[in-house]
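Text of work10.json (JSON, C-alpha atoms) as supplied:
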[["chain", "number", "residue", "atom", "x", "y", "z"],
["A", 92, "MET", "CA", 90.88, -52.04, -142.76],
["A", 93, "LEU", "CA", 93.75, -49.57, -142.84],
["A", 94, "ASN", "CA", 96.52, -50.03, -145.35],
["A", 95, "THR", "CA", 99.53, -50.43, -143.05],
["A", 96, "SER", "CA", 102.09, -49.87, -145.80],
["A", 97, "VAL", "CA", 100.51, -46.49, -146.67],
["A", 98, "LEU", "CA", 100.48, -45.57, -142.98],
["A", 99, "ASP", "CA", 104.13, -46.63, -142.64],
["A", 100, "GLU", "CA", 104.92, -44.51, -145.65],
["A", 101, "GLN", "CA", 103.18, -41.48, -144.14],
["A", 102, "ILE", "CA", 105.07, -41.94, -140.88],
["A", 103, "LEU", "CA", 108.35, -42.21, -142.78],
["A", 104, "ILE", "CA", 107.63, -39.02, -144.71],
["A", 105, "GLU", "CA", 106.72, -37.14, -141.54],
["A", 106, "LYS", "CA", 109.96, -38.30, -139.94],
["A", 107, "LEU", "CA", 111.90, -37.28, -143.03],
["A", 108, "LYS", "CA", 110.34, -33.83, -142.83],
["A", 109, "GLN", "CA", 111.83, -33.63, -139.35],
["A", 110, "GLY", "CA", 115.23, -34.54, -140.79],
["A", 111, "ASP", "CA", 115.29, -38.13, -139.49],
["A", 112, "GLU", "CA", 118.25, -39.83, -141.15],
["A", 113, "ILE", "CA", 117.01, -43.35, -140.47],
["A", 114, "ALA", "CA", 113.71, -42.54, -142.18],
["A", 115, "PHE", "CA", 115.62, -41.13, -145.14],
["A", 116, "LYS", "CA", 117.77, -44.26, -145.35],
["A", 117, "GLN", "CA", 114.66, -46.42, -145.37],
["A", 118, "ILE", "CA", 113.11, -44.33, -148.12],
["A", 119, "VAL", "CA", 116.25, -44.62, -150.24],
["A", 120, "GLU", "CA", 116.41, -48.38, -149.73],
["A", 121, "THR", "CA", 112.72, -48.84, -150.49],
["A", 122, "TRP", "CA", 112.58, -46.74, -153.62],
["A", 123, "GLN", "CA", 116.08, -46.91, -155.12],
["A", 124, "SER", "CA", 115.26, -49.70, -157.57],
["A", 125, "MET", "CA", 112.19, -47.93, -158.86],
["A", 126, "VAL", "CA", 114.10, -44.68, -159.32],
["A", 127, "TYR", "CA", 117.10, -46.37, -160.92],
["A", 128, "ASN", "CA", 115.03, -48.54, -163.26],
["A", 129, "THR", "CA", 113.06, -45.50, -164.46],
["A", 130, "ALA", "CA", 116.22, -43.46, -164.92],
["A", 131, "ILE", "CA", 118.08, -46.16, -166.83],
["A", 132, "GLY", "CA", 115.10, -46.66, -169.12],
["A", 133, "ILE", "CA", 115.10, -42.99, -170.09],
["A", 134, "LEU", "CA", 118.86, -42.38, -170.10],
["A", 135, "GLN", "CA", 119.98, -45.77, -171.47],
["A", 136, "ASN", "CA", 123.26, -45.50, -169.60],
["A", 137, "ALA", "CA", 124.03, -47.13, -166.25],
["A", 138, "GLU", "CA", 126.45, -44.44, -165.04],
["A", 139, "ASP", "CA", 124.08, -41.61, -165.89],
["A", 140, "ALA", "CA", 121.21, -43.49, -164.24],
["A", 141, "GLU", "CA", 123.30, -43.91, -161.08],
["A", 142, "ASP", "CA", 124.10, -40.19, -161.09],
["A", 143, "VAL", "CA", 120.51, -39.13, -161.65],
["A", 144, "SER", "CA", 119.21, -41.54, -159.01],
["A", 145, "GLN", "CA", 121.43, -39.88, -156.44],
["A", 146, "GLU", "CA", 120.26, -36.44, -157.57],
["A", 147, "VAL", "CA", 116.66, -37.59, -157.16],
["A", 148, "PHE", "CA", 117.15, -38.59, -153.53],
["A", 149, "VAL", "CA", 119.05, -35.40, -152.80],
["A", 150, "GLN", "CA", 116.07, -33.50, -154.19],
["A", 151, "VAL", "CA", 113.69, -35.63, -152.11],
["A", 152, "TYR", "CA", 115.63, -34.78, -148.95],
["A", 153, "GLU", "CA", 115.83, -31.07, -149.78],
["A", 154, "SER", "CA", 112.26, -30.57, -150.89],
["A", 155, "VAL", "CA", 110.22, -33.09, -148.87],
["A", 156, "GLN", "CA", 108.60, -30.13, -147.08],
["A", 157, "THR", "CA", 106.83, -29.30, -150.36],
["A", 158, "PHE", "CA", 105.26, -32.75, -150.53],
["A", 159, "LYS", "CA", 101.71, -32.21, -149.29],
["A", 160, "GLY", "CA", 100.42, -35.73, -149.82],
["A", 161, "GLU", "CA", 97.96, -34.69, -152.54],
["A", 162, "SER", "CA", 99.41, -37.39, -154.77],
["A", 163, "LYS", "CA", 101.00, -40.69, -153.85],
["A", 164, "PHE", "CA", 104.62, -40.55, -152.74],
["A", 165, "SER", "CA", 105.56, -42.85, -155.62],
["A", 166, "THR", "CA", 103.92, -40.45, -158.10],
["A", 167, "TRP", "CA", 105.94, -37.59, -156.68],
["A", 168, "LEU", "CA", 109.09, -39.67, -156.89],
["A", 169, "TYR", "CA", 108.42, -40.66, -160.50],
["A", 170, "ARG", "CA", 107.91, -36.99, -161.40],
["A", 171, "ILE", "CA", 111.25, -35.99, -159.89],
["A", 172, "THR", "CA", 113.00, -38.91, -161.58],
["A", 173, "VAL", "CA", 111.53, -38.14, -165.00],
["A", 174, "SER", "CA", 112.34, -34.45, -164.63],
["A", 175, "LYS", "CA", 115.95, -35.09, -163.57],
["A", 176, "ALA", "CA", 116.45, -37.65, -166.32],
["A", 177, "LEU", "CA", 115.15, -35.29, -168.99],
["A", 178, "ASP", "CA", 117.34, -32.46, -167.65],
["A", 179, "HIS", "CA", 120.32, -34.78, -167.87],
["A", 180, "LEU", "CA", 119.49, -35.75, -171.46],
["A", 181, "ARG", "CA", 119.11, -32.12, -172.49],
["A", 182, "ARG", "CA", 122.44, -31.18, -170.87],
["A", 183, "LYS", "CA", 124.13, -34.01, -172.73],
["A", 184, "LYS", "CA", 122.59, -32.92, -176.03],
["A", 185, "ARG", "CA", 123.74, -29.33, -175.46],
["A", 186, "LYS", "CA", 127.31, -30.48, -174.72],
["A", 187, "LYS", "CA", 127.31, -32.61, -177.85],
["A", 188, "ARG", "CA", 126.04, -29.71, -179.96],
["A", 189, "PHE", "CA", 128.66, -27.37, -178.49],
["A", 190, "ALA", "CA", 131.43, -29.89, -179.13],
["A", 191, "TYR", "CA", 130.25, -30.25, -182.72],
["A", 192, "VAL", "CA", 130.27, -26.47, -183.27],
["A", 193, "GLN", "CA", 133.73, -26.29, -181.71],
["A", 194, "SER", "CA", 134.97, -28.98, -184.07],
["A", 195, "LEU", "CA", 133.66, -26.97, -187.04],
["A", 196, "PHE", "CA", 135.88, -24.10, -185.98],
["A", 197, "GLY", "CA", 138.80, -26.40, -185.42],
["A", 198, "ALA", "CA", 138.83, -25.56, -181.73],
["A", 199, "ASP", "CA", 138.96, -29.14, -180.67],
["A", 200, "ASN", "CA", 139.99, -32.10, -182.79],
["A", 201, "GLN", "CA", 138.28, -34.59, -180.57],
["A", 202, "THR", "CA", 135.95, -36.83, -182.54],
["A", 203, "ILE", "CA", 132.44, -37.08, -181.25],
["A", 204, "ILE", "CA", 132.08, -40.64, -180.12],
["A", 205, "GLU", "CA", 128.74, -42.26, -180.86],
["A", 206, "ARG", "CA", 127.63, -44.16, -177.79],
["A", 207, "PRO", "CA", 127.44, -47.93, -178.16],
["A", 208, "ASP", "CA", 124.15, -49.84, -178.19],
["A", 209, "PHE", "CA", 122.43, -49.96, -174.82],
["A", 210, "HIS", "CA", 121.96, -53.37, -173.25],
["A", 211, "HIS", "CA", 119.43, -53.25, -170.44],
["A", 212, "PRO", "CA", 120.63, -55.43, -167.55],
["A", 213, "GLY", "CA", 117.18, -56.93, -167.07],
["A", 214, "VAL", "CA", 116.94, -58.45, -170.53],
["A", 215, "THR", "CA", 117.50, -62.17, -171.18],
["A", 216, "LEU", "CA", 120.51, -63.15, -173.29],
["A", 217, "ASP", "CA", 118.51, -64.34, -176.27],
["A", 218, "ASN", "CA", 116.68, -61.01, -176.45],
["A", 219, "LYS", "CA", 119.68, -58.73, -175.97],
["A", 220, "GLU", "CA", 120.28, -57.76, -179.59],
["A", 221, "ARG", "CA", 116.61, -57.24, -180.33],
["A", 222, "THR", "CA", 116.03, -55.02, -177.29],
["A", 223, "ALA", "CA", 119.17, -53.05, -178.12],
["A", 224, "VAL", "CA", 117.55, -52.19, -181.45],
["A", 225, "LEU", "CA", 114.31, -51.26, -179.69],
["A", 226, "PHE", "CA", 116.09, -49.02, -177.18],
["A", 227, "LYS", "CA", 117.82, -47.24, -180.03],
["A", 228, "ALA", "CA", 114.42, -46.61, -181.58],
["A", 229, "ILE", "CA", 113.04, -45.43, -178.21],
["A", 230, "SER", "CA", 115.89, -42.92, -177.91],
["A", 231, "GLN", "CA", 114.65, -41.26, -181.11],
["A", 232, "LEU", "CA", 111.15, -40.65, -179.75],
["A", 233, "PRO", "CA", 109.99, -37.17, -178.69],
["A", 234, "GLU", "CA", 110.31, -36.68, -174.93],
["A", 235, "ASN", "CA", 106.68, -37.17, -173.93],
["A", 236, "GLN", "CA", 106.28, -40.30, -176.00],
["A", 237, "LYS", "CA", 109.55, -41.66, -174.62],
["A", 238, "ILE", "CA", 108.40, -41.05, -171.04],
["A", 239, "ALA", "CA", 104.98, -42.62, -171.52],
["A", 240, "PHE", "CA", 106.40, -45.65, -173.32],
["A", 241, "THR", "CA", 109.19, -46.17, -170.78],
["A", 242, "LEU", "CA", 106.91, -45.86, -167.76],
["A", 243, "HIS", "CA", 104.43, -48.30, -169.28],
["A", 244, "LYS", "CA", 106.80, -50.93, -170.66],
["A", 245, "LEU", "CA", 109.66, -50.82, -168.14],
["A", 246, "GLU", "CA", 107.90, -49.78, -164.97],
["A", 247, "GLY", "CA", 104.58, -51.43, -165.74],
["A", 248, "LEU", "CA", 102.56, -48.35, -164.89],
["A", 249, "SER", "CA", 98.95, -48.16, -166.02],
["A", 250, "TYR", "CA", 97.78, -45.30, -168.21],
["A", 251, "GLN", "CA", 96.06, -43.78, -165.16],
["A", 252, "GLU", "CA", 99.29, -43.89, -163.16],
["A", 253, "ILE", "CA", 101.24, -42.43, -166.07],
["A", 254, "SER", "CA", 98.68, -39.62, -166.40],
["A", 255, "ASP", "CA", 99.20, -38.81, -162.68],
["A", 256, "VAL", "CA", 102.97, -38.70, -163.14],
["A", 257, "MET", "CA", 102.81, -36.60, -166.30],
["A", 258, "LYS", "CA", 99.97, -34.44, -164.97],
["A", 259, "THR", "CA", 97.89, -35.05, -168.04],
["A", 260, "SER", "CA", 94.73, -36.92, -168.96],
["A", 261, "VAL", "CA", 94.42, -40.65, -169.59],
["A", 262, "SER", "CA", 93.35, -39.95, -173.17],
["A", 263, "SER", "CA", 96.53, -37.92, -173.70],
["A", 264, "VAL", "CA", 98.56, -40.86, -172.47],
["A", 265, "GLU", "CA", 96.68, -43.18, -174.82],
["A", 266, "SER", "CA", 97.46, -40.82, -177.66],
["A", 267, "LEU", "CA", 101.13, -40.62, -176.68],
["A", 268, "MET", "CA", 101.39, -44.41, -176.58],
["A", 269, "HIS", "CA", 99.67, -44.77, -179.93],
["A", 270, "ARG", "CA", 102.03, -42.25, -181.54],
["A", 271, "ALA", "CA", 105.04, -43.79, -179.85],
["A", 272, "LYS", "CA", 104.22, -47.24, -181.22],
["A", 273, "ASN", "CA", 103.65, -45.83, -184.71],
["A", 274, "ASN", "CA", 106.96, -43.97, -184.61],
["A", 275, "LEU", "CA", 108.79, -47.02, -183.32],
["A", 276, "LYS", "CA", 107.26, -49.17, -186.06],
["A", 277, "LYS", "CA", 108.34, -46.70, -188.74],
["A", 278, "TRP", "CA", 111.88, -46.59, -187.38],
["A", 279, "LEU", "CA", 112.10, -50.37, -187.06],
["A", 280, "ILE", "CA", 110.80, -50.96, -190.59],
["A", 281, "VAL", "CA", 113.54, -48.72, -191.98],
["A", 282, "HIS", "CA", 116.11, -50.43, -189.74],
["A", 283, "TYR", "CA", 115.18, -53.93, -190.86],
["A", 284, "GLN", "CA", 114.94, -52.90, -194.50],
["A", 285, "ASN", "CA", 118.47, -51.48, -194.35],
["A", 286, "ASN", "CA", 119.84, -54.46, -192.47],
["A", 287, "ASP", "CA", 118.15, -57.24, -194.42],
["B", 236, "MET", "CA", 106.07, -59.73, -200.46],
["B", 237, "LYS", "CA", 107.82, -62.39, -198.42],
["B", 238, "ASN", "CA", 110.42, -59.85, -197.46],
["B", 239, "LYS", "CA", 107.75, -57.35, -196.38],
["B", 240, "LYS", "CA", 106.03, -60.00, -194.26],
["B", 241, "HIS", "CA", 109.35, -61.00, -192.76],
["B", 242, "ILE", "CA", 110.14, -57.40, -191.87],
["B", 243, "GLU", "CA", 106.71, -56.94, -190.26],
["B", 244, "GLN", "CA", 107.31, -60.05, -188.17],
["B", 245, "GLU", "CA", 110.70, -58.78, -187.07],
["B", 246, "VAL", "CA", 109.20, -55.40, -186.16],
["B", 247, "ASP", "CA", 106.46, -57.05, -184.08],
["B", 248, "LYS", "CA", 108.96, -59.31, -182.32],
["B", 249, "THR", "CA", 111.16, -56.32, -181.51],
["B", 250, "LEU", "CA", 108.25, -54.23, -180.24],
["B", 251, "ASN", "CA", 107.30, -57.07, -177.88],
["B", 252, "SER", "CA", 110.85, -57.85, -176.78],
["B", 253, "LEU", "CA", 110.43, -55.95, -173.51],
["B", 254, "GLU", "CA", 107.85, -58.44, -172.25],
["B", 255, "GLY", "CA", 109.11, -60.10, -169.08],
["B", 256, "ILE", "CA", 112.04, -57.72, -168.69],
["B", 257, "GLN", "CA", 113.50, -57.67, -165.18],
["B", 258, "LYS", "CA", 113.95, -54.38, -163.40],
["B", 259, "ALA", "CA", 117.47, -53.00, -163.26],
["B", 260, "THR", "CA", 118.94, -52.51, -159.80],
["B", 261, "PRO", "CA", 121.48, -49.90, -158.75],
["B", 262, "GLY", "CA", 124.89, -50.61, -157.27],
["B", 263, "PRO", "CA", 125.26, -51.14, -153.52],
["B", 264, "TYR", "CA", 125.58, -48.37, -150.92],
["B", 265, "MET", "CA", 123.28, -45.92, -152.72],
["B", 266, "PHE", "CA", 122.40, -44.27, -149.42],
["B", 267, "THR", "CA", 126.08, -43.68, -148.60],
["B", 268, "ARG", "CA", 126.62, -41.98, -151.93],
["B", 269, "VAL", "CA", 123.47, -39.88, -151.57],
["B", 270, "LYS", "CA", 124.56, -38.82, -148.09],
["B", 271, "ALA", "CA", 128.02, -37.85, -149.38],
["B", 272, "ARG", "CA", 126.42, -35.76, -152.09],
["B", 273, "LEU", "CA", 124.20, -33.97, -149.57],
["B", 274, "GLU", "CA", 127.16, -33.18, -147.34],
["B", 275, "LYS", "CA", 129.20, -31.95, -150.30],
["B", 276, "GLY", "CA", 126.31, -29.74, -151.40],
["B", 277, "GLU", "CA", 125.86, -28.20, -147.95],
["B", 278, "LYS", "CA", 129.51, -27.06, -147.71],
["B", 279, "ASN", "CA", 129.47, -25.31, -151.05],
["B", 280, "PHE", "CA", 128.93, -21.55, -150.61],
["B", 281, "TRP", "CA", 127.82, -21.08, -154.19],
["B", 282, "THR", "CA", 125.20, -23.78, -153.89],
["B", 283, "ILE", "CA", 123.79, -22.08, -150.80],
["B", 284, "ALA", "CA", 123.96, -18.65, -152.44],
["B", 285, "TRP", "CA", 122.28, -19.92, -155.60],
["B", 286, "ALA", "CA", 119.60, -21.70, -153.62],
["B", 287, "PHE", "CA", 118.91, -18.45, -151.77],
["B", 288, "LEU", "CA", 118.70, -16.44, -155.00],
["B", 289, "CYS", "CA", 116.39, -19.00, -156.56],
["B", 290, "ARG", "CA", 113.78, -18.49, -153.87],
["B", 291, "PRO", "CA", 110.76, -16.94, -155.61],
["B", 292, "ALA", "CA", 110.50, -13.98, -153.21],
["B", 293, "VAL", "CA", 114.20, -13.16, -153.51],
["B", 294, "ALA", "CA", 114.30, -13.58, -157.29],
["B", 295, "PHE", "CA", 111.17, -11.47, -157.74],
["B", 296, "THR", "CA", 112.46, -8.69, -155.47],
["B", 297, "THR", "CA", 115.83, -8.65, -157.27],
["B", 298, "ILE", "CA", 114.19, -8.34, -160.68],
["B", 299, "ILE", "CA", 111.88, -5.53, -159.51],
["B", 300, "ALA", "CA", 114.81, -3.70, -157.91],
["B", 301, "ALA", "CA", 116.91, -4.05, -161.08],
["B", 302, "LEU", "CA", 114.02, -2.73, -163.20],
["B", 303, "PHE", "CA", 113.46, 0.16, -160.82],
["B", 304, "ILE", "CA", 117.14, 1.14, -160.89],
["B", 305, "ASN", "CA", 117.18, 0.94, -164.68],
["B", 306, "VAL", "CA", 114.09, 3.13, -165.02],
["B", 307, "ALA", "CA", 115.47, 5.64, -162.51],
["B", 308, "ILE", "CA", 118.79, 5.87, -164.33],
["B", 309, "PHE", "CA", 116.99, 6.21, -167.65],
["B", 310, "PHE", "CA", 114.88, 9.17, -166.46],
["B", 311, "GLU", "CA", 117.85, 10.72, -164.70],
["B", 312, "PHE", "CA", 119.90, 10.47, -167.89],
["B", 313, "ARG", "CA", 117.11, 11.98, -169.95],
["B", 314, "SER", "CA", 116.71, 15.06, -167.72],
["B", 315, "ASP", "CA", 120.49, 15.55, -167.54],
["B", 316, "SER", "CA", 120.80, 15.26, -171.32],
["B", 317, "SER", "CA", 118.09, 17.83, -171.98],
["B", 318, "GLN", "CA", 119.72, 20.34, -169.60],
["B", 319, "THR", "CA", 123.16, 19.66, -171.00],
["B", 320, "ALA", "CA", 121.86, 19.96, -174.53],
["B", 321, "GLY", "CA", 120.33, 23.36, -173.75],
["B", 322, "GLU", "CA", 123.56, 24.65, -172.22],
["B", 323, "GLY", "CA", 125.62, 23.28, -175.06],
["B", 324, "GLU", "CA", 123.44, 24.98, -177.63],
["B", 325, "GLN", "CA", 123.77, 28.29, -175.83],
["B", 326, "LEU", "CA", 127.56, 28.03, -175.67],
["B", 327, "PHE", "CA", 127.77, 27.19, -179.36],
["B", 328, "ALA", "CA", 125.47, 30.08, -180.25],
["B", 329, "ASN", "CA", 127.49, 32.53, -178.17],
["B", 330, "GLU", "CA", 130.77, 31.36, -179.69],
["B", 331, "TYR", "CA", 129.62, 32.04, -183.23],
["B", 332, "ASN", "CA", 127.41, 35.01, -182.42],
["B", 333, "LEU", "CA", 124.43, 33.08, -183.63],
["B", 334, "ALA", "CA", 122.30, 34.46, -180.84],
["B", 335, "ASP", "CA", 122.48, 37.83, -182.48],
["B", 336, "ASN", "CA", 119.58, 38.36, -184.84],
["B", 337, "THR", "CA", 120.80, 41.51, -186.56],
["B", 338, "ILE", "CA", 124.08, 43.25, -186.97],
["B", 339, "TYR", "CA", 122.86, 45.79, -184.44],
["B", 340, "ASP", "CA", 122.77, 43.06, -181.81],
["B", 341, "SER", "CA", 126.38, 42.25, -182.41],
["B", 342, "THR", "CA", 128.73, 42.54, -179.45],
["B", 343, "ILE", "CA", 131.31, 44.26, -181.56],
["B", 344, "GLU", "CA", 131.33, 47.86, -180.42],
["B", 345, "PRO", "CA", 131.09, 50.40, -183.19],
["B", 346, "GLU", "CA", 134.02, 52.79, -183.36]]

Take the structure in the file and write it out as structure tokens.
Amino acid sequence: MLNTSVLDEQILIEKLKQGDEIAFKQIVETWQSMVYNTAIGILQNAEDAEDVSQEVFVQVYESVQTFKGESKFSTWLYRITVSKALDHLRRKKRKKRFAYVQSLFGADNQTIIERPDFHHPGVTLDNKERTAVLFKAISQLPENQKIAFTLHKLEGLSYQEISDVMKTSVSSVESLMHRAKNNLKKWLIVHYQNND
Amino acid sequence: MKNKKHIEQEVDKTLNSLEGIQKATPGPYMFTRVKARLEKGEKNFWTIAWAFLCRPAVAFTTIIAALFINVAIFFEFRSDSSQTAGEGEQLFANEYNLADNTIYDSTIEPE
């Protein structure tokens, strides 16, 4: 029995390749939550996630011709989202570093504002403070560990799906998750020791 | 000991605090904003120019052309310099009569 949703998806992508605006609108509406949720998990900022989500769909529209259907459309979408989110993070880091160097030379007296704790909108009220601490720890992880952890915990992807997105092996993903958890534990232990 | 156990419990609770988290949803009218961005991007000359330059074939050809021009100028400069150096040496030698090996080769006419 044919999977009608996969067929519908293929038809939508073919129509999008022909520049069909209605097909594009449907794709945006179908996938916007997935893209936004992934982006906000990595960026930990709603405005940035909104920005990046738009960039993702612009990229989808502009480069859909390069999508050959070798992977699932969702995998392709996750890859673009992760890539855009990481680019955004790196740009922000560079700006922060530049502002810091400028301040050393007295070029700009603006103080570098530390961003407030991130409260994920999908978290229950009683867990808000605890998850804010966890997200702070996640933000300290190396990029690959951050991506693997975020995709698994926030998007619920399996290790196989994560390996498809990251173009790596399942064992590499297992290793990334193991290291991520160890690093998070270390950071949290220090945090709770200092705040006890 | 109690403190250490307490901290471990807190760490475990925090690590598991994402269980049951709801997915975040974007603001309304995402498609409208995406469409506006696309239209804004299309009208920008620099975006179009940059997109053209970023095409692999164009970028590769530009780099090869730049290298070729550099190499050509380098060899051109080298051959010019060697000729110029030779002429300069000759002028200098003539000026100070250095080309003359003996007094008999001197251009000064005996009386």

When you count all atoms listed in the file, which of these residues is closest to chain B: A:Lys227, A:Arg170, A:His179, A:Lys116?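 Of all the options, A:Lys116 lies closest to chain B.
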
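Near chain A, counting all atoms listed in the file at 7 Å, the chain B residues are Ile242, Val246, Thr249, Leu250, Ser252, Leu253, Ile256, Gln257, Lys258, Ala259, Thr260, Pro261, Phe266, Val269 and Leu273 of chain B.
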
For the atom pair CA of Val155 in chain A and CA of Lys108 in chain A, what is the interatomic distance in Å to one decimal place? 6.1 Å

Separation of CA of Glu254 in chain B from CA of Asn235 in chain A, in Å and rounded to one decimal: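 The value is 21.4 Å.
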
Point-to-point distance in Å for CA of Asn286 in chain A and CA of Glu245 in chain B: 11.5 Å
